[in-house]
Amino acid sequence: MKVKSLIMALCLGLVMAGCNNLQKGAGIGAAGGAVLGGIIGNIAGNTAIGAAVGAAVGAGTGAIIGKHMDKVRAEAEQVRNAEVQEVTDANGLEAVKVTFDSGIFFATGKSDLTSASKVSLSELATVLKNNSTCDVAIQGYTDNVPFRGYTAEQSVEKNKALSVDRAAAVSSYLLSLGVNSSQIKSVEGFGQENPVASNDTEAGRKQNRRVEIYLYASQQMINDAEAGNLN
């Protein structure tokens with residue numbers, strides 16, 4: 001109820017600035033837009049990706065970016081072994097989340113890429129190069145299964161280190177395929193944090209062992225959209 005009240009209060013304060021333009025892919029169009037977009041993203045279970053831009057993105061610009069990101073999502077959906085979703089970034093703009101099962105990408109407890117992962121990443125690299133004004137964030141995750149011979153606290157740290165190594169392996173391979181280093185804005189590992197399913201079942205643990213790659217609007221994309229140069 002508190003979250004709903006906060007959203008209502010923000011909307012009431014933003015009516016004159018275009019709060020009625022909350023359409024797919026559109027920014028809020030006012031100073032509080034990024035805040036409201038972040039709240040909506042959290043309710044939807046999305047991670048707030050990307051730094052807030054210096055000025056709020058107008059609804060018209062947001063709609064143009066949304067239309068463009070629909071095309072990016074459709075292209076990403078052709079990548080093998082990828083689960084692709086529409087999410088919201090830190091500016092309330094449409095972004096694309098690509099999730100890979102760590103079991104396909106890595107052997108248990110390892111951070112070396114498998115042959116299958118290299119095929120998928122080669123296809124993803126093409127998507128990134130075709131959409132060079134998309135910024136990219138790479139995140140690694142694990143389940144909460146402890147390492148044999150280690151305490152629970154030590155296992156948490158080892159899982160986090162493993163997730164960092166896996167995210168770094170993905171980033172390094174994408175760079176080796178010609179993706180521009182300036183396009184990859186963050187490479188992080190969160191270990192067993194932020195589970196997407198219950199760790200009480202094998203099916204849930206499998207979902208939690210994952211690598212997430214986000215494609216979201218860069219400042220250049222926003223500038224292009226504002227200038228009418230983004231298709």
# chains A, B, ... in the order shown; residues from 1 in each chain; ligands from 1
call {"tool": "select_by_dssp", "arguments": {"residues": "range 178-221 of chain A", "states": "strand (DSSP E or B)", "output": "PyMOL selection string"}}
result
chain A and resi 184-189+210-217
call {"tool": "residues_around", "arguments": {"residues": "Ala225 in chain A", "least_positions_apart": "2", "cutoff": "9 Å", "atoms": "only C-alpha atoms", "output": "list in words"}}
result
Gly60, Thr61, Gly62, Ile64, Ile65, Gln220, Met221, Ile222, Asn223, Ala227, Gly228, Asn229, Leu230 and Asn231 of chain A
call {"tool": "closest_atom_pairs", "arguments": {"of": "range 51-150 of chain A", "to": "range 201-213 of chain A", "cutoff": "7 Å", "atoms": "only C-alpha atoms", "output": "CSV"}}
result
residue,atom,partner,partner_atom,distance
A:Lys97,CA,A:Ile213,CA,5.8
A:Val98,CA,A:Ile213,CA,5.0
A:Thr99,CA,A:Glu212,CA,4.5
A:Phe100,CA,A:Val211,CA,5.2
A:Asp101,CA,A:Arg210,CA,4.8
A:Ser102,CA,A:Arg210,CA,4.6
A:Val136,CA,A:Ile213,CA,6.9
A:Ala137,CA,A:Ile213,CA,5.7
A:Ile138,CA,A:Ile213,CA,4.6
A:Gln139,CA,A:Glu212,CA,5.1
A:Gly140,CA,A:Val211,CA,4.6
A:Tyr141,CA,A:Arg210,CA,5.4
A:Thr142,CA,A:Arg209,CA,4.2
A:Asp143,CA,A:Asn208,CA,5.2
call {"tool": "closest_atom_pairs", "arguments": {"of": "range 106-149 of chain A", "to": "range 161-175 of chain A", "cutoff": "9 Å", "atoms": "only C-alpha atoms", "output": "JSON lines"}}
result
{"residue": "A:Phe106", "atom": "CA", "partner": "A:Arg166", "partner_atom": "CA", "distance": 8.1}
{"residue": "A:Gly109", "atom": "CA", "partner": "A:Leu162", "partner_atom": "CA", "distance": 7.3}
{"residue": "A:Lys110", "atom": "CA", "partner": "A:Leu162", "partner_atom": "CA", "distance": 7.4}
{"residue": "A:Ser111", "atom": "CA", "partner": "A:Arg166", "partner_atom": "CA", "distance": 4.8}
{"residue": "A:Asp112", "atom": "CA", "partner": "A:Ala169", "partner_atom": "CA", "distance": 7.1}
{"residue": "A:Leu113", "atom": "CA", "partner": "A:Ala169", "partner_atom": "CA", "distance": 7.1}
{"residue": "A:Ser117", "atom": "CA", "partner": "A:Val170", "partner_atom": "CA", "distance": 8.8}
{"residue": "A:Lys118", "atom": "CA", "partner": "A:Tyr173", "partner_atom": "CA", "distance": 7.8}
{"residue": "A:Leu121", "atom": "CA", "partner": "A:Leu174", "partner_atom": "CA", "distance": 6.7}
{"residue": "A:Ser122", "atom": "CA", "partner": "A:Leu174", "partner_atom": "CA", "distance": 7.4}
{"residue": "A:Leu124", "atom": "CA", "partner": "A:Leu174", "partner_atom": "CA", "distance": 8.2}
{"residue": "A:Ala125", "atom": "CA", "partner": "A:Leu174", "partner_atom": "CA", "distance": 5.8}
{"residue": "A:Ile138", "atom": "CA", "partner": "A:Ala167", "partner_atom": "CA", "distance": 6.1}
{"residue": "A:Gln139", "atom": "CA", "partner": "A:Ala167", "partner_atom": "CA", "distance": 5.7}
{"residue": "A:Gly140", "atom": "CA", "partner": "A:Ser163", "partner_atom": "CA", "distance": 4.6}
{"residue": "A:Tyr141", "atom": "CA", "partner": "A:Ser163", "partner_atom": "CA", "distance": 5.2}
{"residue": "A:Thr142", "atom": "CA", "partner": "A:Ser163", "partner_atom": "CA", "distance": 6.3}
call {"tool": "atom_distance", "arguments": {"atom1": "CA of Gly92 in chain A", "atom2": "CA of Val57 in chain A"}}
result
8.7 Å
call {"tool": "select_by_dssp", "arguments": {"residues": "range 112-184 of chain A", "states": "alpha helix (DSSP H)", "output": "ChimeraX atom specification"}}
result
/A:115-130,152-176
